[in-house]
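Chemist: Handing over start.cif, mmCIF, C-alpha atoms.
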```cif
data_target
#
loop_
_atom_site.label_atom_id
_atom_site.label_comp_id
_atom_site.auth_asym_id
_atom_site.auth_seq_id
_atom_site.Cartn_x
_atom_site.Cartn_y
_atom_site.Cartn_z
CA MET A 1 -27.78 20.83 1.13
CA ASP A 2 -25.73 23.97 1.97
CA LEU A 3 -22.11 22.85 1.67
CA LYS A 4 -20.19 26.02 2.49
CA SER A 5 -20.10 29.10 4.69
CA GLY A 6 -18.34 32.47 4.56
CA TYR A 7 -16.39 33.71 1.55
CA PRO A 8 -14.61 30.88 -0.34
CA PHE A 9 -11.62 32.45 -2.05
CA TRP A 10 -11.97 30.68 -5.41
CA ALA A 11 -15.51 31.93 -5.98
CA VAL A 12 -14.55 35.47 -4.89
CA LYS A 13 -11.48 35.45 -7.14
CA ASN A 14 -13.13 34.01 -10.27
CA GLY A 15 -16.77 35.06 -10.01
CA LEU A 16 -19.41 33.43 -12.19
CA MET A 17 -17.27 32.39 -15.14
CA HIS A 18 -20.00 31.19 -17.48
CA ALA A 19 -23.81 31.01 -17.48
CA PHE A 20 -25.02 27.49 -18.23
CA PRO A 21 -28.71 26.89 -19.00
CA ALA A 22 -31.19 25.10 -16.77
CA LEU A 23 -32.70 21.87 -18.09
CA GLN A 24 -36.20 22.84 -19.22
CA SER A 25 -37.21 19.96 -21.49
CA ASP A 26 -36.91 16.18 -21.61
CA LEU A 27 -33.55 14.75 -22.52
CA ARG A 28 -32.02 11.50 -23.77
CA CYS A 29 -28.31 10.69 -23.49
CA GLU A 30 -25.95 7.78 -23.19
CA VAL A 31 -24.54 8.85 -19.81
CA ALA A 32 -26.00 11.42 -17.42
CA VAL A 33 -23.51 12.80 -14.89
CA VAL A 34 -25.32 14.22 -11.86
CA GLY A 35 -23.03 16.82 -10.31
CA GLY A 36 -21.30 19.87 -11.81
CA GLY A 37 -18.39 20.24 -9.42
CA ILE A 38 -14.81 19.14 -9.98
CA THR A 39 -15.74 15.44 -9.66
CA GLY A 40 -18.50 15.61 -12.25
CA ALA A 41 -16.34 17.71 -14.57
CA LEU A 42 -13.43 15.25 -14.48
CA ILE A 43 -15.72 12.28 -15.09
CA ALA A 44 -17.65 13.97 -17.90
CA ASP A 45 -14.37 14.92 -19.56
CA ALA A 46 -13.05 11.35 -19.43
CA LEU A 47 -16.30 9.86 -20.74
CA ALA A 48 -16.61 12.39 -23.56
CA ALA A 49 -13.00 11.68 -24.53
CA ALA A 50 -13.90 7.97 -24.68
CA GLY A 51 -16.67 8.74 -27.16
CA HIS A 52 -19.72 8.66 -24.89
CA GLU A 53 -22.62 11.05 -25.35
CA VAL A 54 -22.67 12.84 -21.98
CA ALA A 55 -24.98 15.31 -20.26
CA VAL A 56 -24.03 17.04 -16.97
CA ILE A 57 -26.78 18.10 -14.56
CA GLU A 58 -26.05 20.29 -11.53
CA GLN A 59 -28.58 21.52 -8.97
CA ARG A 60 -26.73 24.79 -8.17
CA ASP A 61 -24.59 27.00 -10.32
CA ILE A 62 -21.63 25.07 -11.67
CA GLY A 63 -18.85 24.66 -9.09
CA TRP A 64 -20.89 26.32 -6.36
CA GLY A 65 -21.04 23.36 -3.96
CA SER A 66 -18.07 21.90 -2.11
CA THR A 67 -15.77 22.64 -5.08
CA ALA A 68 -15.85 26.34 -4.25
CA ALA A 69 -14.80 25.56 -0.67
CA SER A 70 -12.10 23.01 -1.55
CA THR A 71 -8.53 23.90 -0.61
CA ALA A 72 -7.32 21.62 -3.43
CA LEU A 73 -4.17 20.07 -2.01
CA LEU A 74 -3.37 17.33 -4.53
CA GLN A 75 -1.57 14.51 -2.75
CA TYR A 76 -1.04 10.79 -3.22
CA GLU A 77 -0.90 10.58 0.58
CA ILE A 78 -4.18 9.29 1.93
CA ASP A 79 -5.48 10.43 5.31
CA THR A 80 -5.01 6.81 6.41
CA HIS A 81 -1.29 6.00 6.63
CA LEU A 82 0.10 3.41 4.23
CA VAL A 83 1.11 1.35 7.27
CA ASP A 84 -2.45 1.34 8.63
CA LEU A 85 -4.02 0.67 5.24
CA ALA A 86 -1.68 -2.29 4.77
CA GLU A 87 -2.76 -3.75 8.11
CA ARG A 88 -6.39 -3.44 7.07
CA TYR A 89 -6.31 -4.63 3.45
CA GLY A 90 -2.85 -6.10 2.90
CA GLU A 91 0.29 -4.42 1.66
CA ALA A 92 -0.36 -5.01 -2.04
CA ASP A 93 -3.75 -3.27 -2.00
CA ALA A 94 -2.51 -0.43 0.20
CA VAL A 95 0.44 0.27 -2.11
CA ALA A 96 -1.88 0.08 -5.15
CA ALA A 97 -4.09 2.77 -3.60
CA TYR A 98 -1.13 5.07 -2.93
CA ARG A 99 0.35 4.49 -6.38
CA GLY A 100 -3.02 5.12 -7.99
CA CYS A 101 -3.17 8.50 -6.26
CA ALA A 102 0.38 9.35 -7.39
CA GLU A 103 -0.51 8.48 -10.99
CA ALA A 104 -3.68 10.58 -10.68
CA ILE A 105 -1.57 13.66 -9.90
CA ASP A 106 0.34 13.11 -13.17
CA SER A 107 -2.99 12.74 -15.00
CA LEU A 108 -4.28 15.96 -13.42
CA ARG A 109 -1.09 17.75 -14.48
CA ALA A 110 -1.53 16.62 -18.09
CA LEU A 111 -5.21 17.60 -18.14
CA ALA A 112 -4.54 20.98 -16.52
CA GLY A 113 -1.86 21.60 -19.15
CA ALA A 114 -4.35 20.89 -21.91
CA VAL A 115 -7.12 23.03 -20.39
CA ARG A 116 -4.66 25.77 -19.30
CA ASP A 117 -5.00 28.69 -16.89
CA VAL A 118 -6.27 26.73 -13.87
CA GLY A 119 -3.60 27.64 -11.32
CA PHE A 120 -1.96 24.21 -11.42
CA ALA A 121 1.55 23.90 -9.97
CA ARG A 122 3.70 20.94 -9.00
CA THR A 123 4.79 21.01 -5.35
CA GLY A 124 6.32 18.89 -2.66
CA SER A 125 4.33 17.64 0.34
CA LEU A 126 5.85 18.11 3.79
CA TYR A 127 4.31 15.94 6.49
CA TYR A 128 5.66 16.74 9.94
CA ALA A 129 5.33 15.12 13.36
CA SER A 130 3.26 17.43 15.56
CA ARG A 131 4.56 15.86 18.76
CA GLN A 132 7.58 13.80 19.77
CA ARG A 133 5.39 10.74 20.30
CA ASP A 134 4.34 10.88 16.62
CA ARG A 135 7.90 10.48 15.39
CA ASP A 136 8.02 6.66 15.52
CA ALA A 137 4.83 6.28 13.49
CA LEU A 138 6.12 8.79 10.94
CA GLU A 139 9.42 6.92 10.67
CA ALA A 140 7.58 3.61 10.08
CA GLU A 141 5.51 5.29 7.39
CA PHE A 142 8.65 6.70 5.76
CA SER A 143 10.35 3.30 5.76
CA LEU A 144 7.41 1.51 4.15
CA ARG A 145 7.06 4.15 1.44
CA ARG A 146 10.79 4.04 0.71
CA ARG A 147 10.64 0.26 0.46
CA HIS A 148 7.99 0.53 -2.22
CA GLY A 149 9.81 3.15 -4.26
CA PHE A 150 8.02 6.36 -3.29
CA ASP A 151 10.21 9.45 -3.60
CA VAL A 152 10.45 10.63 0.02
CA ARG A 153 13.14 12.34 2.13
CA TRP A 154 13.55 12.31 5.90
CA LEU A 155 14.19 15.61 7.68
CA GLU A 156 15.51 15.93 11.21
CA PRO A 157 14.61 19.04 13.27
CA GLU A 158 17.62 21.19 12.34
CA PRO A 159 17.44 20.74 8.53
CA LEU A 160 13.68 21.24 8.75
CA LEU A 161 14.15 24.52 10.62
CA ALA A 162 16.87 25.70 8.25
CA ARG A 163 14.82 25.06 5.13
CA TYR A 164 11.22 25.75 6.14
CA GLY A 165 11.53 28.07 9.12
CA PHE A 166 9.85 25.96 11.80
CA ARG A 167 10.87 23.25 14.21
CA ALA A 168 9.22 19.84 14.62
CA PRO A 169 10.44 16.44 15.90
CA ALA A 170 10.82 15.17 12.31
CA ALA A 171 9.25 15.46 8.86
CA MET A 172 8.87 13.51 5.65
CA LEU A 173 9.10 15.35 2.32
CA SER A 174 7.31 13.74 -0.63
CA ALA A 175 8.29 14.88 -4.10
CA THR A 176 4.90 14.13 -5.67
CA ALA A 177 2.16 16.68 -4.97
CA ALA A 178 0.45 19.65 -6.60
CA GLN A 179 -2.09 22.42 -6.11
CA VAL A 180 -4.80 23.88 -8.33
CA ASP A 181 -7.69 26.35 -8.43
CA PRO A 182 -10.53 23.77 -8.32
CA TYR A 183 -13.33 26.19 -9.17
CA ARG A 184 -11.56 27.54 -12.24
CA PHE A 185 -10.53 24.03 -13.31
CA THR A 186 -14.18 22.92 -13.13
CA TYR A 187 -15.46 25.82 -15.21
CA ARG A 188 -12.78 25.60 -17.85
CA LEU A 189 -13.26 21.84 -18.22
CA LEU A 190 -17.02 22.15 -18.62
CA MET A 191 -16.77 25.15 -20.95
CA ARG A 192 -14.42 23.10 -23.14
CA LEU A 193 -16.83 20.17 -23.07
CA LEU A 194 -19.71 22.48 -24.00
CA ARG A 195 -17.79 23.67 -27.06
CA GLY A 196 -17.25 20.02 -28.02
CA GLY A 197 -20.96 19.20 -27.92
CA THR A 198 -21.45 17.92 -24.37
CA ARG A 199 -24.62 19.30 -22.81
CA VAL A 200 -24.16 21.00 -19.43
CA PHE A 201 -27.07 22.19 -17.30
CA ASP A 202 -27.11 23.87 -13.91
CA ARG A 203 -29.89 25.00 -11.56
CA SER A 204 -31.62 21.66 -12.31
CA ARG A 205 -32.24 19.44 -9.30
CA VAL A 206 -32.70 15.69 -9.73
CA THR A 207 -35.48 14.47 -7.44
CA SER A 208 -35.83 10.78 -8.35
CA ILE A 209 -33.87 7.92 -9.90
CA ALA A 210 -35.50 4.85 -11.40
CA ALA A 211 -33.18 2.17 -12.76
CA THR A 212 -34.07 -0.90 -14.82
CA THR A 213 -31.98 -3.47 -16.67
CA ARG A 214 -32.23 -1.33 -19.82
CA GLY A 215 -31.62 2.20 -18.56
CA VAL A 216 -32.18 4.89 -15.95
CA THR A 217 -34.85 7.59 -15.72
CA LEU A 218 -34.27 10.80 -13.78
CA GLN A 219 -36.89 13.36 -12.83
CA THR A 220 -36.02 16.94 -12.00
CA ALA A 221 -37.78 19.36 -9.68
CA GLU A 222 -38.49 21.53 -12.71
CA GLY A 223 -40.46 18.73 -14.42
CA ALA A 224 -37.95 17.46 -16.95
CA THR A 225 -37.36 13.76 -17.58
CA VAL A 226 -33.88 12.45 -18.39
CA ARG A 227 -33.52 8.98 -19.92
CA ALA A 228 -29.98 7.62 -19.96
CA GLY A 229 -28.23 4.33 -20.54
CA HIS A 230 -26.14 4.92 -17.39
CA VAL A 231 -26.15 7.52 -14.65
CA VAL A 232 -23.04 8.61 -12.71
CA LEU A 233 -23.83 10.14 -9.32
CA ALA A 234 -20.99 12.59 -8.72
CA ALA A 235 -22.73 15.23 -6.63
CA GLY A 236 -20.06 15.37 -3.93
CA TYR A 237 -21.28 15.06 -0.37
CA ALA A 238 -24.89 15.40 -1.51
CA THR A 239 -24.52 12.00 -3.23
CA GLN A 240 -25.17 10.29 0.10
CA GLN A 241 -28.87 11.21 -0.15
CA TRP A 242 -29.28 8.62 -2.91
CA LEU A 243 -27.79 5.71 -0.97
CA GLY A 244 -29.60 3.80 1.75
CA PRO A 245 -26.61 2.54 3.77
CA ARG A 246 -24.55 5.19 5.54
CA VAL A 247 -20.98 4.76 4.26
CA ALA A 248 -19.50 8.10 5.35
CA ARG A 249 -19.98 10.79 7.96
CA ASN A 250 -20.19 14.46 7.16
CA ARG A 251 -17.96 16.92 8.97
CA SER A 252 -16.93 20.55 8.54
CA SER A 253 -13.51 21.99 7.83
CA TYR A 254 -12.45 25.65 7.91
CA ALA A 255 -9.92 27.71 5.98
CA PHE A 256 -8.70 31.19 5.23
CA VAL A 257 -6.42 32.89 2.73
CA THR A 258 -4.15 35.87 3.39
CA ASP A 259 -3.39 38.85 1.20
CA PRO A 260 -0.37 38.25 -1.09
CA LEU A 261 2.82 37.77 0.94
CA ASP A 262 6.42 38.56 0.12
CA ALA A 263 7.91 35.78 -2.00
CA ASP A 264 11.20 35.80 -0.11
CA ALA A 265 9.38 35.47 3.21
CA LEU A 266 7.43 32.46 1.92
CA GLY A 267 10.60 30.85 0.57
CA PRO A 268 10.15 27.13 -0.23
CA LEU A 269 6.59 27.24 1.10
CA ARG A 270 5.65 28.66 -2.30
CA ARG A 271 6.03 25.17 -3.75
CA THR A 272 5.34 22.97 -0.71
CA LEU A 273 2.13 21.67 0.81
CA VAL A 274 2.49 21.39 4.59
CA TRP A 275 0.42 19.23 6.93
CA GLU A 276 0.87 17.61 10.32
CA SER A 277 0.38 14.29 12.10
CA ALA A 278 -2.15 15.61 14.66
CA ARG A 279 -5.83 14.92 13.92
CA PRO A 280 -7.55 17.09 12.91
CA TYR A 281 -4.53 18.48 11.14
CA LEU A 282 -3.37 21.95 10.19
CA TYR A 283 -2.51 22.28 6.50
CA LEU A 284 -0.95 25.00 4.35
CA ARG A 285 -0.48 25.82 0.69
CA THR A 286 -0.02 28.94 -1.42
CA THR A 287 -2.00 30.38 -4.31
CA GLN A 288 -0.88 31.46 -7.74
CA ASP A 289 -0.71 35.10 -6.63
CA GLY A 290 1.39 34.40 -3.51
CA ARG A 291 -1.23 34.14 -0.79
CA LEU A 292 -0.97 31.63 2.03
CA LEU A 293 -4.00 29.37 2.36
CA ALA A 294 -4.40 27.58 5.69
CA GLY A 295 -7.04 25.16 6.89
CA GLY A 296 -8.03 22.76 9.63
CA GLU A 297 -10.01 22.94 12.88
CA ASP A 298 -12.32 20.17 11.57
CA ASP A 299 -15.35 19.37 13.68
CA ALA A 300 -18.43 17.15 13.59
CA ILE A 301 -20.81 20.00 12.73
CA ASP A 302 -23.17 19.11 9.88
CA ARG A 303 -25.67 21.97 10.25
CA PRO A 304 -25.06 24.96 7.95
CA ALA A 305 -26.28 27.59 10.44
CA ARG A 306 -23.96 26.31 13.17
CA ARG A 307 -21.04 26.13 10.73
CA ASP A 308 -21.77 29.69 9.54
CA ALA A 309 -21.51 30.97 13.10
CA ARG A 310 -18.10 29.32 13.63
CA VAL A 311 -16.20 30.51 10.56
CA ASP A 312 -14.60 33.66 12.03
CA ARG A 313 -13.66 31.98 15.31
CA LYS A 314 -12.19 28.97 13.52
CA ALA A 315 -10.21 31.21 11.16
CA ARG A 316 -8.69 33.03 14.14
CA ARG A 317 -7.68 29.72 15.72
CA ILE A 318 -6.06 28.51 12.50
CA ALA A 319 -4.27 31.85 12.14
CA ALA A 320 -2.94 31.55 15.70
CA LYS A 321 -1.58 28.08 14.94
CA VAL A 322 0.06 29.25 11.73
CA GLY A 323 1.50 32.27 13.53
CA ALA A 324 3.00 30.03 16.20
CA LEU A 325 4.48 27.72 13.56
CA LEU A 326 5.74 30.47 11.24
CA PRO A 327 6.28 33.60 13.37
CA HIS A 328 8.26 35.31 10.61
CA LEU A 329 5.12 35.62 8.46
CA ASP A 330 2.44 38.27 8.92
CA ILE A 331 -0.66 36.06 9.09
CA ALA A 332 -4.05 37.79 8.78
CA PRO A 333 -7.11 36.20 7.15
CA ALA A 334 -8.39 38.15 4.14
CA PHE A 335 -11.17 35.70 3.26
CA SER A 336 -12.33 32.84 5.46
CA TRP A 337 -14.83 30.07 4.94
CA GLY A 338 -16.02 26.66 6.04
CA GLY A 339 -17.24 23.70 4.08
CA THR A 340 -18.68 20.22 4.38
CA PHE A 341 -16.49 17.22 3.78
CA ALA A 342 -17.09 13.53 4.40
CA GLU A 343 -14.95 10.80 5.88
CA THR A 344 -15.12 7.07 5.30
CA ALA A 345 -13.93 4.66 7.97
CA ASP A 346 -10.80 3.71 6.03
CA GLY A 347 -10.10 6.98 4.23
CA LEU A 348 -10.85 5.45 0.81
CA PRO A 349 -13.52 6.53 -1.70
CA PHE A 350 -16.49 4.52 -2.90
CA ILE A 351 -16.58 4.30 -6.69
CA GLY A 352 -18.79 1.88 -8.56
CA PRO A 353 -22.32 0.48 -8.73
CA HIS A 354 -24.30 -0.47 -5.64
CA ARG A 355 -26.86 -3.26 -5.45
CA GLN A 356 -29.52 -0.74 -4.38
CA TYR A 357 -29.77 0.45 -8.01
CA GLY A 358 -27.98 -2.23 -10.02
CA PRO A 359 -25.29 -1.93 -12.68
CA ARG A 360 -26.59 1.13 -14.56
CA VAL A 361 -26.09 3.61 -11.72
CA VAL A 362 -22.49 4.33 -10.74
CA PHE A 363 -21.54 6.19 -7.56
CA VAL A 364 -18.43 8.35 -7.33
CA MET A 365 -18.04 9.27 -3.67
CA ALA A 366 -14.58 10.84 -3.65
CA TYR A 367 -14.51 11.45 0.08
CA GLY A 368 -11.63 12.35 2.38
CA GLY A 369 -8.65 14.65 2.08
CA ASN A 370 -7.85 13.36 -1.42
CA GLY A 371 -11.13 14.35 -3.04
CA ILE A 372 -9.78 15.71 -6.34
CA THR A 373 -7.18 12.95 -6.65
CA TYR A 374 -9.88 10.36 -6.00
CA SER A 375 -12.09 12.06 -8.57
CA MET A 376 -9.37 11.69 -11.20
CA ILE A 377 -9.09 8.00 -10.33
CA GLY A 378 -12.90 7.83 -10.46
CA ALA A 379 -12.85 9.14 -14.03
CA GLY A 380 -10.66 6.21 -15.02
CA LEU A 381 -12.69 3.71 -13.02
CA VAL A 382 -16.01 4.81 -14.53
CA SER A 383 -14.54 4.82 -18.05
CA ALA A 384 -13.23 1.29 -17.53
CA TYR A 385 -16.55 0.14 -16.06
CA LEU A 386 -18.60 1.41 -19.01
CA ALA A 387 -16.10 -0.18 -21.42
CA ARG A 388 -16.35 -3.45 -19.43
CA ARG A 389 -12.63 -3.39 -18.68
CA ARG A 390 -11.19 -4.29 -15.32
CA HIS A 391 -9.42 -1.59 -13.35
CA PRO A 392 -6.74 -2.45 -10.75
CA LEU A 393 -8.53 -0.40 -8.05
CA GLN A 394 -12.05 -1.57 -8.89
CA ALA A 395 -12.37 -4.00 -5.98
CA LEU A 396 -10.61 -1.88 -3.36
CA PHE A 397 -12.53 1.30 -4.15
CA GLY A 398 -15.89 -0.41 -4.68
CA PHE A 399 -18.66 -1.10 -2.18
CA GLY A 400 -17.61 -4.76 -2.03
CA ARG A 401 -14.76 -3.93 0.33
CA LEU A 402 -17.35 -3.40 3.09
CA GLU A 403 -17.68 -7.18 3.15
CA ARG A 404 -13.95 -7.92 3.39
#
```
Now that the file is in, can you turn its structure into structure tokens?
Modeler:
Amino acid sequence: MDLKSGYPFWAVKNGLMHAFPALQSDLRCEVAVVGGGITGALIADALAAAGHEVAVIEQRDIGWGSTAASTALLQYEIDTHLVDLAERYGEADAVAAYRGCAEAIDSLRALAGAVRDVGFARTGSLYYASRQRDRDALEAEFSLRRRHGFDVRWLEPEPLLARYGFRAPAAMLSATAAQVDPYRFTYRLLMRLLRGGTRVFDRSRVTSIAATTRGVTLQTAEGATVRAGHVVLAAGYATQQWLGPRVARNRSSYAFVTDPLDADALGPLRRTLVWESARPYLYLRTTQDGRLLAGGEDDAIDRPARRDARVDRKARRIAAKVGALLPHLDIAPAFSWGGTFAETADGLPFIGPHRQYGPRVVFVMAYGGNGITYSMIGAGLVSAYLARRRHPLQALFGFGRLER
């Protein structure tokens, strides 16, 4: 499955950071993590820290799937508004999901600080109404978040213009957000795990999964057999191939990054994620070296060749939107790319076992705009599951919610 097109900035910037071996012989381990992107790395790190014997198996080079194409906006704000999630699952569960994402950002900050040199920075998150008719919904969202203690500020058009340099009907500024280099974070996590004794293999494609009550057997295309007590399927959007029911739909998103811009011209945008109420939405962030990264123009394309052909045109459209929003900036794409992402009907991930395989195979499908945040939550959920501890988000993020 080809998950990206064009020239993803993180891979261009960092290159191949470490050469991991392919799996060439049979292997036994306590937990096999299938997937060597940011999701698999976070889960393997949590399980190794809990004392499990872990092996990571990736079919490409490490980090070369959707992680390389991720724009890595770390937000507690789910693509589904808190108001809408509360209507669907009840206010208590909706607030628990949002709080879980906020706590995950703190956990990512602590882990990034321990790993070091991964481009992590705390930011704010500015969510603005694209049109006047979106203002009421944004105000309802602001009120519900304030009522539950989330640190948010309301901005009217004039203060918004004065501070951020663009005009919109209204905006909500959240204090809790961050940004990171996801490709570098993945490599540095797995390189640290390798030094600690965790086995990491890439260029090793799993072709079959056979689960029993006593363990799981994996076969690879290269002829190796992996026998594990549990398997965690954390292969990003490719994970759907292992599940019979269709629980998400694949789409494509597009992005570009500029050359470094003047810090004074960027102003508070240097430490603010920006996104809008329109769907699909335009979103902005900066990089550690002062570039502006912009994305959006999502579409329903799920064929790599068709996505490849659209990258330049989509980048120009995004650049035109950014130029209209922020005319004081000189916006020109330096590198542009597209990538696969998946959406669930409610904007929530699926994390946990599925009856198709039984309790020894755990899915981590961290889908939606909060992929890395969901992956951090997934690390805690999987750790709790293997330790037979309950987790407050276990029911809401599991497959059982499909029956609610």
Chemist: Rank A:Ser125, A:Gln356, A:Thr344, A:Thr287 by their smallest atom-to-atom distance to Val247 in chain A, using only C-alpha atoms, and report the top residue only.
Modeler: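 Nearest candidate to Val247 in chain A out of A:Ser125, A:Gln356, A:Thr344, A:Thr287: A:Thr344.
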Chemist: What is the CA of Ala342 in chain A to CA of Val83 in chain A distance in Å?
Modeler: 22.1 Å
Chemist: If I take CA of Arg131 in chain A and CA of Ser277 in chain A, how far is one from the other in Å, to one decimal?
Modeler: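 For CA of Arg131 in chain A relative to CA of Ser277 in chain A, the distance reads 8.0 Å.
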Chemist: Which residues, written as a PyMOL selection string, have at least one atom at most 10 Å from Glu30 in chain A, with only C-alpha atoms counted and residues fewer than 5 positions away on the same chain left out?
Modeler: chain A and resi 52-55+215-216+227-231
Chemist: Could you tell me, as a ChimeraX atom specification, exactly which residues end up selected when the PyMOL selection byres ((chain A and resi 11) around 9) is applied to this structure?
Modeler: /A:7-10,12-16,63-64,68-69,183-184
Chemist: Between A:Arg291, A:Arg401, A:Arg205, A:Arg188, which residue has the minimum interatomic distance to Asp259 in chain A, considering only C-alpha atoms?
Modeler: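 Nearest to Asp259 in chain A: A:Arg291.
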Chemist: Skipping near chain neighbours, those fewer than 3 positions away, what residues fall within 8 Å of range 292-299 of chain A using all atoms listed in the file, listed as a count of residues only?
Modeler: 25
Chemist: What residues come out when you apply the PyMOL selection byres ((chain A and resi 194) around 12) to this file, written as an MDAnalysis selection string?
Modeler: chainID A and resid 18:21 41 44:45 48 53:56 187:193 195:201
Chemist: Of the candidates A:Ile377, A:Val180, A:Ile105, A:Val206, which shows the shortest atom-to-atom distance to Ala235 in chain A, using all atoms listed in the file?
Modeler: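 Checking each candidate against Ala235 in chain A, we get A:Val206 as the closest.
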Chemist: Go through A:Ala315, A:Ala366, A:Leu27, A:Leu402 one by one, measure the shortest atom-to-atom distance of each to Gly236 in chain A using all atoms listed in the file, and give the residue with the smallest value.
Modeler: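 Under the stated criterion, the closest residue is A:Ala366.
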Chemist: Taking 2 positions as the minimum chain separation for residues in the same chain, which residues sit within 12 Å of Arg145 in chain A when counting only C-alpha atoms? Answer as a count of residues only.
Modeler: 29
Chemist: From the options A:Gly400, A:Gly165, A:Pro157, A:Gly368, which residue's atoms come nearest to Pro268 in chain A, counting only C-alpha atoms?
Modeler: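 Of all the options, A:Gly165 lies closest to Pro268 in chain A.
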Chemist: Could you tell me how far CA of Thr176 in chain A sits from CA of Leu329 in chain A, in Å to one decimal place?
Modeler: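 It comes out at 25.7 Å.
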Chemist: Given the PyMOL selection byres ((chain A and resi 179) around 6) and the file above, list the residues it selects as a PyMOL selection string.
Modeler: chain A and resi 72-74+120-121+178+180
Chemist: Nearest to Gly267 in chain A among A:Tyr164, A:Leu126, A:Thr207, A:Pro245, with distances taken over only C-alpha atoms: which residue is it?
Modeler: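 Among the listed residues, the smallest separation from Gly267 in chain A belongs to A:Tyr164.
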Chemist: I'd like the neighbourhood of Val232 in chain A as a PyMOL selection string, where a residue qualifies if any of its atoms comes within 8 Å (using only C-alpha atoms), though same-chain residues fewer than 4 positions away should be ignored.
Modeler: chain A and resi 31-34+361-364
Chemist: Output C-alpha atoms of each residue in that selection to a file, as a short mmCIF file (atom, residue, chain, number, x, y, z; two decimals), in the frame of the given file.
Modeler:
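again.cif, freshly written:
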```
data_model
loop_
_atom_site.label_atom_id
_atom_site.label_comp_id
_atom_site.auth_asym_id
_atom_site.auth_seq_id
_atom_site.Cartn_x
_atom_site.Cartn_y
_atom_site.Cartn_z
CA VAL A 31 -24.54 8.85 -19.81
CA ALA A 32 -26.00 11.42 -17.42
CA VAL A 33 -23.51 12.80 -14.89
CA VAL A 34 -25.32 14.22 -11.86
CA VAL A 361 -26.09 3.61 -11.72
CA VAL A 362 -22.49 4.33 -10.74
CA PHE A 363 -21.54 6.19 -7.56
CA VAL A 364 -18.43 8.35 -7.33
#
```
Chemist: Excluding Tyr127 in chain A and residues on its chain fewer than 3 positions from it, collect all residues at most 6 Å away from it, counting all atoms listed in the file, and give them as number ranges by chain.
Modeler: A: 171-172, 275-276
Chemist: Step by step: start from the point (-9.0, 10.6, -5.6) in the file's coordinates, keep every protein, DNA or RNA residue that has an atom no farther than 6 Å from it, count only C-alpha atoms, and write the set as a PDB file with C-alpha atoms, in the frame of the given file.
Modeler:
```pdb
ATOM      1  CA  ALA A 366     -14.580  10.840  -3.650  1.00  0.00           C
ATOM      2  CA  ASN A 370      -7.850  13.360  -1.420  1.00  0.00           C
ATOM      3  CA  GLY A 371     -11.130  14.350  -3.040  1.00  0.00           C
ATOM      4  CA  ILE A 372      -9.780  15.710  -6.340  1.00  0.00           C
ATOM      5  CA  THR A 373      -7.180  12.950  -6.650  1.00  0.00           C
ATOM      6  CA  TYR A 374      -9.880  10.360  -6.000  1.00  0.00           C
ATOM      7  CA  SER A 375     -12.090  12.060  -8.570  1.00  0.00           C
ATOM      8  CA  MET A 376      -9.370  11.690 -11.200  1.00  0.00           C
ATOM      9  CA  ILE A 377      -9.090   8.000 -10.330  1.00  0.00           C
TER      10      ILE A 377
END
```
